Each structure stands twice: as C-alpha cells, then as structure tokens.
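A.B. asks: Dropping in entry12.cif, with mmCIF, C-alpha atoms and all ligand atoms.
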data_coords
#
loop_
_atom_site.label_atom_id
_atom_site.label_comp_id
_atom_site.auth_asym_id
_atom_site.auth_seq_id
_atom_site.Cartn_x
_atom_site.Cartn_y
_atom_site.Cartn_z
CA MET N 1 151.60 113.58 41.89
CA THR N 2 150.47 115.45 38.80
CA THR N 3 151.95 114.16 35.52
CA GLN N 4 151.06 117.20 33.40
CA GLU N 5 150.21 120.84 33.91
CA GLU N 6 146.63 121.32 35.10
CA GLU N 7 144.53 124.35 35.89
CA PHE N 8 142.12 124.08 38.80
CA GLN N 9 139.79 126.93 39.73
CA GLY N 10 142.11 129.47 38.12
CA VAL N 11 145.28 128.07 39.73
CA LYS N 12 147.98 126.60 37.45
CA VAL N 13 149.38 123.37 38.88
CA PRO N 14 152.76 122.46 37.35
CA PRO N 15 153.64 118.86 36.48
CA GLY N 16 155.25 116.93 39.35
CA SER N 17 153.16 118.67 42.02
CA ILE N 18 152.05 116.76 45.08
CA LEU N 19 148.49 117.69 45.99
CA HIS N 20 147.18 117.55 49.54
CA LEU N 21 143.46 116.85 49.37
CA ARG N 22 141.32 118.64 51.94
CA TYR N 23 138.13 116.60 52.05
CA GLY N 24 136.63 118.84 54.71
CA ALA N 25 136.98 121.87 52.44
CA ALA N 26 135.20 119.99 49.64
CA ASN N 27 132.33 119.25 52.02
CA MET N 28 131.96 122.99 52.64
CA ASP N 29 131.84 123.88 48.92
CA GLU N 30 128.90 126.27 48.56
CA GLU N 31 128.67 125.45 44.84
CA VAL N 32 127.69 121.89 45.78
CA PHE N 33 126.07 122.24 49.21
CA GLU N 34 123.66 125.05 49.96
CA CYS N 35 124.42 126.61 53.38
CA PRO N 36 127.10 124.01 54.20
CA HIS N 37 127.47 125.21 57.79
CA GLN N 38 123.81 124.50 58.60
CA ILE N 39 122.73 121.06 59.75
CA ASP N 40 120.22 120.00 57.08
CA LEU N 41 119.60 116.27 56.77
CA ASP N 42 117.28 116.85 53.79
CA ARG N 43 119.75 118.92 51.78
CA LYS N 44 120.27 118.45 48.05
CA ALA N 45 123.44 116.54 47.17
CA LEU N 46 123.40 114.97 50.64
CA THR N 47 125.38 111.92 49.55
CA ARG N 48 128.01 113.83 47.54
CA HIS N 49 130.19 114.54 50.58
CA LEU N 50 133.79 113.31 50.59
CA THR N 51 134.04 112.52 54.29
CA PHE N 52 135.16 108.97 53.51
CA SER N 53 136.85 109.91 50.21
CA GLN N 54 135.71 108.22 46.97
CA GLY N 55 136.80 105.63 44.44
CA HIS N 56 139.82 103.48 45.19
CA ARG N 57 140.76 105.67 48.18
CA THR N 58 137.38 105.14 49.89
CA CYS N 59 137.84 104.60 53.62
CA PRO N 60 137.56 100.85 54.33
CA GLY N 61 136.30 101.70 57.84
CA ASN N 62 133.29 103.68 56.54
CA GLY N 63 130.78 100.88 57.25
CA ILE N 64 131.75 100.42 60.92
CA SER N 65 132.04 104.17 61.33
CA ARG N 66 128.54 104.80 59.91
CA LEU N 67 127.15 102.05 62.19
CA GLU N 68 128.83 103.61 65.25
CA GLN N 69 127.44 107.01 64.31
CA VAL N 70 123.86 105.72 63.85
CA ILE N 71 124.01 104.01 67.27
CA THR N 72 125.54 107.08 68.92
CA TRP N 73 123.09 109.59 67.40
CA ASN N 74 120.13 107.37 68.34
CA LEU N 75 121.35 107.23 71.95
CA ILE N 76 121.88 111.01 72.01
CA PHE N 77 118.44 111.75 70.49
CA ASP N 78 116.81 109.49 73.12
CA ARG N 79 117.96 112.04 75.70
CA VAL N 80 118.26 115.47 74.07
CA LYS N 81 116.52 117.53 71.38
CA ASN N 82 117.01 120.79 69.47
CA ILE N 83 120.79 120.47 69.11
CA SER N 84 122.54 123.39 67.43
CA PHE N 85 126.07 124.76 67.19
CA THR N 86 126.82 127.91 69.18
CA PRO N 87 128.64 130.76 67.38
CA GLU N 88 131.72 129.94 69.53
CA THR N 89 132.19 126.63 67.71
CA LYS N 90 134.86 127.17 65.09
CA PHE N 91 135.59 124.63 62.38
CA GLU N 92 139.27 124.41 61.49
CA HIS N 93 141.49 122.10 59.52
CA GLN N 94 143.27 119.69 61.83
CA PRO N 95 146.74 118.37 61.08
CA GLY N 96 146.21 115.69 58.43
CA ILE N 97 143.03 115.54 56.39
CA MET N 98 140.23 116.38 58.79
CA LEU N 99 138.12 119.49 59.25
CA GLY N 100 136.65 119.67 62.72
CA ALA N 101 136.06 121.64 65.86
CA LEU N 102 138.77 121.69 68.51
CA GLU N 103 136.06 122.66 70.97
CA LEU N 104 132.41 121.77 70.32
CA ILE N 105 129.94 123.97 72.21
CA LEU N 106 126.33 123.00 71.58
CA ASN N 107 122.90 124.22 72.61
CA PHE N 108 120.34 121.53 73.34
CA SER N 109 117.37 120.82 75.55
CA LYS N 110 116.44 117.69 77.46
CA GLU N 111 114.08 115.22 75.77
CA ASP N 112 110.80 114.98 77.77
C1 LIG H 1 134.36 109.25 61.04
C2 LIG H 1 135.35 108.35 60.92
C3 LIG H 1 136.26 108.22 59.72
C4 LIG H 1 136.51 109.11 58.73
C5 LIG H 1 135.94 110.53 58.55
C6 LIG H 1 137.47 108.50 57.83
C7 LIG H 1 137.96 109.08 56.67
C8 LIG H 1 138.88 108.51 55.81
C9 LIG H 1 139.35 109.10 54.59
C10 LIG H 1 138.90 110.43 54.00
C11 LIG H 1 140.26 108.25 54.06
C12 LIG H 1 141.04 108.44 52.74
C13 LIG H 1 142.36 109.11 53.04
C14 LIG H 1 143.19 109.36 51.80
O1 LIG H 1 142.65 109.60 50.72
O2 LIG H 1 144.40 109.34 51.93
C15 LIG H 1 140.38 107.12 54.95
C16 LIG H 1 141.23 106.05 54.77
C17 LIG H 1 141.32 104.99 55.63
N1 LIG H 1 140.51 104.72 56.71
FE1 LIG H 1 139.11 105.93 57.45
N2 LIG H 1 137.77 107.23 58.29
C18 LIG H 1 137.04 107.03 59.44
C19 LIG H 1 137.02 105.88 60.21
C20 LIG H 1 137.79 104.76 59.96
C21 LIG H 1 137.71 103.53 60.74
C22 LIG H 1 136.74 103.29 61.91
C23 LIG H 1 138.64 102.69 60.22
C24 LIG H 1 139.01 101.30 60.61
C25 LIG H 1 138.21 100.50 61.32
C26 LIG H 1 139.30 103.39 59.12
C27 LIG H 1 140.33 102.88 58.36
C28 LIG H 1 140.90 103.53 57.28
C29 LIG H 1 142.04 103.00 56.52
C30 LIG H 1 142.80 101.70 56.79
C31 LIG H 1 142.30 103.91 55.48
C32 LIG H 1 143.41 103.84 54.40
C33 LIG H 1 142.86 103.18 53.15
C34 LIG H 1 143.87 103.20 52.00
O3 LIG H 1 144.81 103.99 52.01
O4 LIG H 1 143.65 102.43 51.07
N3 LIG H 1 138.75 104.63 59.00
N4 LIG H 1 139.52 107.30 56.01
#
Could I get this structure in the form of structure tokens?
Ligand code: HEM
C.D. replies:
Amino acid sequence: MTTQEEEFQGVKVPPGSILHLRYGAANMDEEVFECPHQIDLDRKALTRHLTFSQGHRTCPGNGISRLEQVITWNLIFDRVKNISFTPETKFEHQPGIMLGALELILNFSKED
C-alpha cells in the first residue's frame, strides 16, 4: 500500500492505494528490452527480467524452476530445432500475476 502520493509514468497514485504488480508487463517494457516479443537469448539487459520478482519478494522456488527449465529445454532441443511462435499465439495476462499464452502454437522442425 502506498503511504504517500506518488506519480508513476504520468499517473498520480494517491496515498493508501494498493498496487497490483504485473511482472509480465515489466518484462515486455520496450524501454528496457529491445523487441521484447522476439526470442533473443543474447539480448541486452537479459537478466533484468522480473519473472521471479526481485528483492525480498524473490520467488523462493526460482532455483528449482530454473533447473527444471534447463533440463526441459535440453530435452526439447535434443529432438527439435528452429522453434518460433506462430502469429496465432497471443500473450495475455492470466488471473493473478502471470503473463502467458492460453494456447501456444509453435513452428519447429525435427532435429536430424
Ligand atoms: C516458472 C515458474 C515460477 C515463476 C514464474 C514464479 C514466480 C514468482 C513470483 C513473481 C513471485 C513473487 C510474487 C509476489 O510478489 O507476490 C513468486 C513467489 C513465490 N513462489 Fe514462485 N514462481 C515459479 C515457480 C515456483 C516454484 C517451483 C515454487 C516452489 C517450489 C515457488 C514458490 C513460491 C513461493 C512460496 C512464493 C511466495 C514467496 C513470498 O511471498 O515470500 N515458485 N513466484
């Protein structure tokens, strides 16, 4: 809850406001991430994402989650290559804090 009036990106936030953080929106901020909708593992500011929050709200499950993701992506890349989103894939805020795709439609080809 805000304790005093704040202004954020031109919006006045009165004292006593409860803010709902949208981490997914922050990860799509074009002022921080160039072409945020493109998969680019070499992008600038790669580690500035807020997927697991930051500071004292950092997700305590981030280590196990990162490990699961490394294992999963390695297994996927053993079998497929050239993965890309199709235009039909739409990213939307889910109830709660997450931004994701309700339906993920991908193009890929089989690894030789
Ligand atoms: C891709 C997977 C995950 C994502 C994106 C994620 C993301 C987050 C985020 C953004 C928060 C902070 C929420 C807030 O500020 O209110 C959070 C909190 C939390 N996460 Fe995760 N998380 C993931 C997986 C996990 C896993 C695997 C566990 C447990 C094994 C876990 C346990 C928790 C708990 C207990 C909190 C609450 C921490 C607190 O309030 O102090 N998360 N997570």
A.B. asks: 6 Å from ligand LIG 1 (chain H) is the threshold here; counting all atoms listed in the file, which polymer residues fall inside it? Answer as a short mmCIF file (atom, residue, chain, number, x, y, z; two decimals) with C-alpha atoms, keeping the file's coordinate frame.
C.D. replies:
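Listing of result.cif after writing:
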data_model
loop_
_atom_site.label_atom_id
_atom_site.label_comp_id
_atom_site.auth_asym_id
_atom_site.auth_seq_id
_atom_site.Cartn_x
_atom_site.Cartn_y
_atom_site.Cartn_z
CA THR N 51 134.04 112.52 54.29
CA PHE N 52 135.16 108.97 53.51
CA SER N 53 136.85 109.91 50.21
CA ARG N 57 140.76 105.67 48.18
CA THR N 58 137.38 105.14 49.89
CA CYS N 59 137.84 104.60 53.62
CA PRO N 60 137.56 100.85 54.33
CA GLY N 61 136.30 101.70 57.84
CA ASN N 62 133.29 103.68 56.54
CA ILE N 64 131.75 100.42 60.92
CA SER N 65 132.04 104.17 61.33
#
A.B. asks: When you count only C-alpha atoms, which of these residues is closest to Asn27 in chain N: N:Phe8, N:Asn82, N:Leu99, N:Leu75?
C.D. replies: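 The answer is N:Leu99, which sits nearest to Asn27 in chain N.
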A.B. asks: For a quick check of understanding, using all atoms listed in the file, which of N:Gln9, N:Thr72, N:Pro36, N:Arg43 has the smallest distance to Phe91 in chain N?
C.D. replies: N:Pro36
A.B. asks: Might I get the box with edges along x, y and z of the file that holds all atoms of range 81-90 of chain N listed there, padded by 5 Å on every side, given as centre and edge lengths in Å to one decimal, as JSON?
C.D. replies:
{"center_x": 125.7, "center_y": 124.1, "center_z": 68.2, "size_x": 28.3, "size_y": 23.2, "size_z": 16.3}
A.B. asks: Give me the residues near Phe85 in chain N as a list in words, where near means some atom within 7 Å (using all atoms listed in the file) and where sequence neighbours in that chain fewer than 4 positions away do not count.
C.D. replies: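 With the cut-off at 7 Å, the set is Thr89, Ile105, Leu106 and Asn107 of chain N.
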A.B. asks: Return the single residue from N:His56, N:Gln4, N:Pro87, N:Ile39 that is closest to Gly16 in chain N, with distances computed using only C-alpha atoms.
C.D. replies: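 The answer is N:Gln4, which sits nearest to Gly16 in chain N.
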A.B. asks: With a distance cut-off of 10 Å and all atoms listed in the file, select the neighbouring residues of Ser109 in chain N, excluding the residue or stretch itself and same-chain residues fewer than 4 positions from it, and output the selection as a count of residues only.
C.D. replies: 6
A.B. asks: Using Å and a single decimal, report how far CA of Met1 in chain N sits from CA of Asp29 in chain N.
C.D. replies: 23.4 Å
A.B. asks: Distance CA of Glu31 in chain N-CA of Lys44 in chain N, one decimal place?
C.D. replies: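 Between CA of Glu31 in chain N and CA of Lys44 in chain N the gap works out to 11.4 Å.
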A.B. asks: Neighbouring residues of range 18-20 of chain N were defined as those with any atom within 12 Å, considering all atoms listed in the file; residues of the same chain fewer than 4 positions away were excluded. Please report them as JSON, numbers by chain.
C.D. replies: {"N": [1, 2, 3, 4, 6, 8, 13, 14, 24, 25, 95, 96, 97, 98]}
A.B. asks: Store the residues of this selection in a file with C-alpha atoms, as a compact mmCIF listing (two decimals), in the frame of the given file.
C.D. replies:
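Output file again.txt is given in full below:
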# COMPACT_ATOMS: atom_id res chain seq x y z
CA MET N 1 151.60 113.58 41.89
CA THR N 2 150.47 115.45 38.80
CA THR N 3 151.95 114.16 35.52
CA GLN N 4 151.06 117.20 33.40
CA GLU N 6 146.63 121.32 35.10
CA PHE N 8 142.12 124.08 38.80
CA VAL N 13 149.38 123.37 38.88
CA PRO N 14 152.76 122.46 37.35
CA GLY N 24 136.63 118.84 54.71
CA ALA N 25 136.98 121.87 52.44
CA PRO N 95 146.74 118.37 61.08
CA GLY N 96 146.21 115.69 58.43
CA ILE N 97 143.03 115.54 56.39
CA MET N 98 140.23 116.38 58.79
A.B. asks: Report, in Å with one decimal, the straight-line distance from CA of Leu46 in chain N to CA of Phe33 in chain N.
C.D. replies: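 Value for the CA of Leu46 in chain N-CA of Phe33 in chain N distance: 7.9 Å.
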